[in-house]
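Have a look at structure_33.cif; it's mmCIF, C-alpha atoms:
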```
data_upload
#
loop_
_atom_site.label_atom_id
_atom_site.label_comp_id
_atom_site.auth_asym_id
_atom_site.auth_seq_id
_atom_site.Cartn_x
_atom_site.Cartn_y
_atom_site.Cartn_z
CA MET A 1 -83.08 -32.15 -89.03
CA ARG A 2 -82.04 -35.72 -89.69
CA ARG A 3 -83.20 -38.31 -87.16
CA GLY A 4 -80.68 -38.92 -84.40
CA ALA A 5 -78.79 -35.64 -84.97
CA THR A 6 -78.24 -33.16 -82.16
CA GLY A 7 -79.31 -29.60 -82.83
CA TYR A 8 -79.80 -26.23 -81.23
CA ARG A 9 -82.55 -23.65 -81.46
CA LEU A 10 -82.22 -19.93 -80.80
CA SER A 11 -84.01 -18.56 -77.77
CA PRO A 12 -86.69 -15.93 -78.52
CA ALA A 13 -84.45 -13.26 -76.95
CA ALA A 14 -81.79 -13.91 -79.59
CA HIS A 15 -84.01 -13.24 -82.60
CA PRO A 16 -83.92 -9.41 -82.33
CA VAL A 17 -80.13 -9.53 -82.23
CA PHE A 18 -79.98 -11.59 -85.42
CA ASP A 19 -82.60 -9.40 -87.10
CA GLU A 20 -80.54 -6.31 -86.29
CA GLY A 21 -77.44 -8.01 -87.66
CA ASP A 22 -79.20 -8.93 -90.90
CA ARG A 23 -80.34 -5.34 -91.39
CA ARG A 24 -76.83 -4.07 -90.94
CA ILE A 25 -75.01 -6.73 -92.96
CA PHE A 26 -77.42 -7.09 -95.88
CA GLY A 27 -79.56 -3.98 -95.81
CA SER A 28 -77.27 -1.00 -95.23
CA LEU A 29 -75.12 -1.20 -98.33
CA GLU A 30 -75.87 2.33 -99.53
CA PRO A 31 -74.83 5.56 -97.80
CA ALA A 32 -77.37 7.39 -95.66
CA GLU A 33 -79.01 10.55 -96.98
CA LEU A 34 -77.68 13.74 -95.40
CA GLY A 35 -81.15 15.23 -95.29
CA ASP A 36 -82.42 12.38 -93.11
CA GLY A 37 -80.53 13.79 -90.14
CA TRP A 38 -78.85 12.09 -87.22
CA ALA A 39 -79.39 9.90 -84.20
CA MET A 40 -77.73 11.41 -81.13
CA ALA A 41 -77.12 9.60 -77.85
CA VAL A 42 -76.18 11.60 -74.76
CA PHE A 43 -75.37 9.72 -71.58
CA SER A 44 -74.28 10.45 -68.05
CA VAL A 45 -73.31 7.64 -65.70
CA PRO A 46 -72.64 8.09 -61.97
CA GLU A 47 -69.13 7.25 -60.87
CA SER A 48 -70.51 4.49 -58.66
CA GLU A 49 -71.83 2.76 -61.81
CA ARG A 50 -68.96 3.53 -64.14
CA SER A 51 -68.95 -0.01 -65.56
CA TYR A 52 -72.06 1.03 -67.50
CA ARG A 53 -70.00 3.80 -69.08
CA TYR A 54 -67.78 1.21 -70.71
CA GLN A 55 -70.78 -0.83 -71.84
CA LEU A 56 -72.38 2.22 -73.43
CA ARG A 57 -69.23 3.24 -75.25
CA THR A 58 -68.67 -0.30 -76.48
CA ARG A 59 -72.23 -0.86 -77.65
CA LEU A 60 -72.57 2.51 -79.35
CA THR A 61 -69.25 2.02 -81.13
CA TRP A 62 -70.39 -1.43 -82.25
CA LEU A 63 -73.55 0.09 -83.69
CA GLY A 64 -71.45 2.55 -85.69
CA PHE A 65 -71.82 5.69 -83.58
CA GLY A 66 -69.02 8.25 -83.61
CA ASN A 67 -67.91 10.04 -80.45
CA ILE A 68 -68.25 13.81 -80.90
CA ALA A 69 -67.68 14.87 -77.26
CA PRO A 70 -67.53 13.19 -73.84
CA GLY A 71 -70.81 11.35 -73.42
CA VAL A 72 -72.15 12.52 -76.79
CA TRP A 73 -72.41 10.09 -79.70
CA LEU A 74 -73.72 10.48 -83.24
CA ALA A 75 -74.83 8.23 -86.09
CA PRO A 76 -76.99 8.49 -89.21
CA ALA A 77 -80.69 8.70 -88.35
CA ARG A 78 -81.45 5.26 -89.75
CA LEU A 79 -79.64 3.74 -86.75
CA LEU A 80 -82.04 5.33 -84.26
CA GLY A 81 -84.31 2.28 -84.02
CA ASP A 82 -81.44 -0.17 -83.59
CA ALA A 83 -79.90 2.08 -80.93
CA ARG A 84 -83.18 2.27 -79.02
CA ASP A 85 -83.67 -1.50 -79.17
CA MET A 86 -80.11 -2.19 -78.08
CA LEU A 87 -80.30 0.18 -75.10
CA VAL A 88 -83.53 -1.41 -73.89
CA ARG A 89 -82.29 -4.95 -74.48
CA ARG A 90 -79.07 -4.28 -72.57
CA GLY A 91 -80.78 -2.49 -69.70
CA LEU A 92 -78.91 0.75 -70.45
CA SER A 93 -81.78 3.04 -71.42
CA ALA A 94 -81.98 4.70 -67.99
CA TYR A 95 -78.57 6.32 -68.58
CA VAL A 96 -79.17 7.69 -72.08
CA HIS A 97 -81.08 10.46 -73.79
CA LEU A 98 -81.67 9.52 -77.42
CA PHE A 99 -82.47 12.27 -79.95
CA ALA A 100 -83.39 12.59 -83.60
CA ALA A 101 -81.19 15.55 -84.56
CA ASP A 102 -80.37 17.87 -87.46
CA TYR A 103 -77.09 19.62 -88.13
CA ALA A 104 -77.56 23.40 -88.06
CA ALA A 105 -74.31 25.37 -88.46
CA PHE A 106 -70.80 26.46 -87.47
CA SER A 107 -68.51 23.73 -88.73
CA ASP A 108 -66.93 22.29 -91.84
CA LEU A 109 -69.00 19.15 -91.45
CA PRO A 110 -66.98 16.84 -93.76
CA GLY A 111 -63.75 17.77 -92.01
CA THR A 112 -65.28 17.48 -88.56
CA VAL A 113 -66.93 14.14 -89.22
CA SER A 114 -63.56 12.65 -90.14
CA SER A 115 -62.44 13.26 -86.55
CA TRP A 116 -65.49 11.49 -85.09
CA TRP A 117 -64.91 8.24 -87.00
CA ASP A 118 -61.58 6.58 -87.72
CA PHE A 119 -61.67 6.78 -91.51
CA PRO A 120 -58.17 5.28 -92.08
CA ALA A 121 -59.02 2.22 -89.98
CA ILE A 122 -62.32 1.73 -91.81
CA GLU A 123 -60.67 2.08 -95.22
CA GLU A 124 -57.97 -0.41 -94.21
CA GLN A 125 -60.66 -2.99 -93.45
CA TYR A 126 -62.45 -2.34 -96.75
CA ALA A 127 -59.16 -2.60 -98.65
CA GLY A 128 -58.42 -5.93 -97.02
CA PHE A 129 -61.83 -7.27 -98.00
CA THR A 130 -61.52 -6.14 -101.61
CA GLU A 131 -58.00 -7.51 -101.88
CA ALA A 132 -59.09 -10.89 -100.53
CA TYR A 133 -62.38 -11.30 -102.39
CA GLY A 134 -62.18 -9.11 -105.48
CA PRO A 135 -60.26 -11.85 -107.36
CA VAL A 136 -62.78 -14.46 -106.16
CA ALA A 137 -65.67 -12.36 -107.46
CA ALA A 138 -63.93 -11.86 -110.80
CA ALA A 139 -63.23 -15.58 -111.19
CA LEU A 140 -66.72 -16.73 -110.23
CA ALA A 141 -68.36 -14.19 -112.53
CA GLN A 142 -67.07 -16.21 -115.47
CA ARG A 143 -68.67 -19.44 -114.27
CA THR A 144 -72.13 -20.98 -114.32
CA ASP A 145 -71.26 -24.29 -112.64
CA ILE A 146 -70.70 -23.31 -109.00
CA GLY A 147 -71.67 -26.27 -106.83
CA GLY A 148 -73.13 -26.01 -103.36
CA ALA A 149 -70.05 -27.20 -101.48
CA GLU A 150 -67.79 -24.78 -103.35
CA ALA A 151 -70.24 -21.92 -102.83
CA PHE A 152 -70.42 -22.68 -99.10
CA ARG A 153 -66.62 -22.83 -98.88
CA HIS A 154 -66.33 -19.32 -100.32
CA TYR A 155 -69.45 -17.82 -98.76
CA VAL A 156 -68.90 -18.47 -95.06
CA PRO A 157 -65.41 -16.92 -94.72
CA MET A 158 -66.41 -14.08 -97.04
CA LEU A 159 -69.46 -13.27 -94.94
CA THR A 160 -67.45 -13.61 -91.73
CA GLN A 161 -64.97 -10.99 -92.92
CA TRP A 162 -67.64 -8.69 -94.34
CA ARG A 163 -70.03 -8.69 -91.38
CA ARG A 164 -67.65 -6.61 -89.25
CA LEU A 165 -67.57 -3.76 -91.74
CA PRO A 166 -71.16 -2.45 -91.55
CA TYR A 167 -70.57 -1.98 -87.82
CA LEU A 168 -67.31 -0.08 -88.26
CA ASP A 169 -68.84 2.04 -91.02
CA PRO A 170 -72.31 3.40 -90.22
CA GLY A 171 -72.93 4.35 -93.84
CA LEU A 172 -72.27 8.07 -93.58
CA PRO A 173 -73.73 10.31 -96.30
CA ALA A 174 -71.61 10.43 -99.44
CA GLU A 175 -71.17 14.21 -99.14
CA LEU A 176 -69.19 13.71 -95.93
CA LEU A 177 -66.82 11.04 -97.22
CA PRO A 178 -63.50 11.25 -99.09
CA ALA A 179 -63.91 11.29 -102.86
CA ASP A 180 -62.00 8.01 -103.15
CA TRP A 181 -63.87 6.25 -100.33
CA ASN A 182 -63.05 2.60 -100.96
CA ALA A 183 -66.22 1.24 -99.37
CA VAL A 184 -67.90 1.60 -102.76
CA ALA A 185 -65.68 -1.02 -104.41
CA ALA A 186 -65.89 -3.33 -101.39
CA ARG A 187 -69.69 -3.18 -101.34
CA GLN A 188 -69.82 -4.06 -105.03
CA VAL A 189 -67.65 -7.12 -104.40
CA PHE A 190 -69.85 -8.20 -101.48
CA GLN A 191 -73.08 -7.72 -103.44
CA GLN A 192 -71.73 -9.69 -106.38
CA LEU A 193 -70.57 -12.59 -104.22
CA ASN A 194 -73.74 -12.61 -102.14
CA GLU A 195 -75.85 -12.84 -105.30
CA VAL A 196 -73.73 -15.65 -106.74
CA LEU A 197 -73.03 -17.71 -103.64
CA ALA A 198 -75.91 -17.32 -101.16
CA ALA A 199 -78.46 -19.56 -102.91
CA PRO A 200 -76.20 -22.54 -103.71
CA ALA A 201 -74.55 -22.29 -100.26
CA LEU A 202 -77.99 -22.43 -98.65
CA ARG A 203 -78.98 -25.45 -100.74
CA HIS A 204 -75.79 -27.16 -99.61
CA VAL A 205 -76.69 -26.54 -95.96
CA GLN A 206 -80.21 -27.87 -96.55
CA GLU A 207 -78.83 -31.02 -98.17
CA ILE A 208 -76.38 -31.66 -95.34
CA THR A 209 -78.71 -30.85 -92.46
CA GLY A 210 -82.05 -31.89 -93.91
CA LEU A 211 -83.59 -28.55 -92.93
CA PRO A 212 -85.78 -27.41 -95.85
CA GLU A 213 -87.21 -24.58 -93.75
CA ALA A 214 -83.88 -22.72 -93.72
CA THR A 215 -84.25 -19.31 -95.32
CA GLU A 216 -81.87 -17.37 -97.50
CA ARG A 217 -80.59 -13.97 -96.35
CA SER A 218 -80.40 -11.44 -99.15
#
```
So, in terms of structure tokens, how does the structure I just supplied come out?
Amino acid sequence: MRRGATGYRLSPAAHPVFDEGDRRIFGSLEPAELGDGWAMAVFSVPESERSYRYQLRTRLTWLGFGNIAPGVWLAPARLLGDARDMLVRRGLSAYVHLFAADYAAFSDLPGTVSSWWDFPAIEEQYAGFTEAYGPVAAALAQRTDIGGAEAFRHYVPMLTQWRRLPYLDPGLPAELLPADWNAVAARQVFQQLNEVLAAPALRHVQEITGLPEATERS
């Protein structure tokens, strides 16, 4: 950091939260495999501590879990570790049983899954992202002269809009999704823009802040 500038440093407790966010935002761009199974969270909270009920519902929803019955939540198995870490970090683990589960029988799973997650709301968010940034991706694909300031100007709002989506959409297996699931197109736009903009945007930040140790997220 440049001499005389004021700065902030993350506390050690914040690093796991950012690591989890990076995994979700940058690492979970492909659907989960159906054969990998599920993470299931079952909780029961005494009425005298019902505020924890709200916290559990909020945090599990934020992780991408779908609500399949009162107190029973489901997500692709790859979210098991993040769920465990979140429950411990938030002091909620005493109220929850966390399982690695497999689906066995007795339901039209694609039809049932669509009632556990709000597919129309998720698709609306993906459509908004593609509408906003598809033209940007198409225009920048034709260029080789993207400067750092311009890259930063596009990258930050793009990433801000995108980062909500991996939490709304847990990356359900493709077999359980509508045939025209518009997340595919949105992910392609994000990947293209991330590849084009991340490096020059980072260099711009390094030049402005004088922090050569900053690392690129990819």
I'd like to see the residues matched by the PyMOL selection byres ((chain A and resi 195) around 12) on this file, and ideally I'd get them as a VMD selection string. chain A and resid 26 137 140 to 141 151 155 188 to 194 196 to 202 216 to 218
What's around Gln161 (chain A) at 12 Å? Count all atoms listed in the file, leave out sequence neighbours fewer than 5 positions away in its own chain, and write the answer as a ChimeraX atom specification. /A:25,125-133,154-156,166-167,186,190
Okay, now the selection with C-alpha atoms, as a PDB file, keeping the file's coordinate frame?
```pdb
ATOM      1  CA  ILE A  25     -75.010  -6.730 -92.960  1.00  0.00           C
ATOM      2  CA  GLN A 125     -60.660  -2.990 -93.450  1.00  0.00           C
ATOM      3  CA  TYR A 126     -62.450  -2.340 -96.750  1.00  0.00           C
ATOM      4  CA  ALA A 127     -59.160  -2.600 -98.650  1.00  0.00           C
ATOM      5  CA  GLY A 128     -58.420  -5.930 -97.020  1.00  0.00           C
ATOM      6  CA  PHE A 129     -61.830  -7.270 -98.000  1.00  0.00           C
ATOM      7  CA  THR A 130     -61.520  -6.140-101.610  1.00  0.00           C
ATOM      8  CA  GLU A 131     -58.000  -7.510-101.880  1.00  0.00           C
ATOM      9  CA  ALA A 132     -59.090 -10.890-100.530  1.00  0.00           C
ATOM     10  CA  TYR A 133     -62.380 -11.300-102.390  1.00  0.00           C
ATOM     11  CA  HIS A 154     -66.330 -19.320-100.320  1.00  0.00           C
ATOM     12  CA  TYR A 155     -69.450 -17.820 -98.760  1.00  0.00           C
ATOM     13  CA  VAL A 156     -68.900 -18.470 -95.060  1.00  0.00           C
ATOM     14  CA  PRO A 166     -71.160  -2.450 -91.550  1.00  0.00           C
ATOM     15  CA  TYR A 167     -70.570  -1.980 -87.820  1.00  0.00           C
ATOM     16  CA  ALA A 186     -65.890  -3.330-101.390  1.00  0.00           C
ATOM     17  CA  PHE A 190     -69.850  -8.200-101.480  1.00  0.00           C
TER      18      PHE A 190
END
```
To one decimal in Å, tell me the separation between CA of Gly27 (chain A) and CA of Ala39 (chain A). 18.1 Å
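Evaluating the PyMOL selection byres ((chain A and resi 101) around 12) against the shown model yields Leu34, Gly35, Asp36, Gly37, Trp38, Ala39, Met40, Ala41, Val42, Trp73, Leu74, Ala75, Pro76, Ala77, Arg78, Leu80, His97, Leu98, Phe99, Ala100, Asp102, Tyr103 and Ala104 of chain A.
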What do you get, as an mmCIF file with C-alpha atoms, in the frame of the given file, if you spell out every residue that the PyMOL selection byres ((chain A and resi 83) around 9) selects here?
```
data_model
loop_
_atom_site.group_PDB
_atom_site.id
_atom_site.type_symbol
_atom_site.label_atom_id
_atom_site.label_comp_id
_atom_site.auth_asym_id
_atom_site.auth_seq_id
_atom_site.Cartn_x
_atom_site.Cartn_y
_atom_site.Cartn_z
ATOM 1 C CA ALA A 39 -79.390 9.900 -84.200
ATOM 2 C CA ALA A 41 -77.120 9.600 -77.850
ATOM 3 C CA ARG A 59 -72.230 -0.860 -77.650
ATOM 4 C CA LEU A 60 -72.570 2.510 -79.350
ATOM 5 C CA LEU A 63 -73.550 0.090 -83.690
ATOM 6 C CA LEU A 79 -79.640 3.740 -86.750
ATOM 7 C CA LEU A 80 -82.040 5.330 -84.260
ATOM 8 C CA GLY A 81 -84.310 2.280 -84.020
ATOM 9 C CA ASP A 82 -81.440 -0.170 -83.590
ATOM 10 C CA ARG A 84 -83.180 2.270 -79.020
ATOM 11 C CA ASP A 85 -83.670 -1.500 -79.170
ATOM 12 C CA MET A 86 -80.110 -2.190 -78.080
ATOM 13 C CA LEU A 87 -80.300 0.180 -75.100
ATOM 14 C CA VAL A 88 -83.530 -1.410 -73.890
ATOM 15 C CA LEU A 98 -81.670 9.520 -77.420
#
```
For Ser44 (chain A): contacts at 7 Å, only C-alpha atoms, fewer than 2 positions along chain excluded, given as a VMD selection string: chain A and resid 46 71 95 to 96
When you draw a straight line from CA of Pro157 (chain A) to CA of Tyr8 (chain A), how long is it in Å? 21.8 Å
Between CA of Leu176 (chain A) and CA of Trp117 (chain A), what is the distance, to one decimal in Å? 11.3 Å
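Considering the residues A:Trp62, A:Tyr52, A:Pro120, A:Leu172 and counting only C-alpha atoms, Arg90 (chain A) has its shortest atom-to-atom contact with A:Tyr52.
Counting all atoms listed in the file, the residue from A:Leu211, A:Ile122, A:Val136, A:Val45 that sits nearest to Leu165 (chain A) is A:Ile122.
Closest approach to Asn67 (chain A) from the set A:Ser114, A:Pro31, A:Leu92, A:Arg23 is made by A:Ser114, with distances taken over all atoms listed in the file.
Proximity of A:His204, A:Ser48, A:Ala139, A:Glu175 to Asp108 (chain A), computed with all atoms listed in the file, is greatest for A:Glu175.
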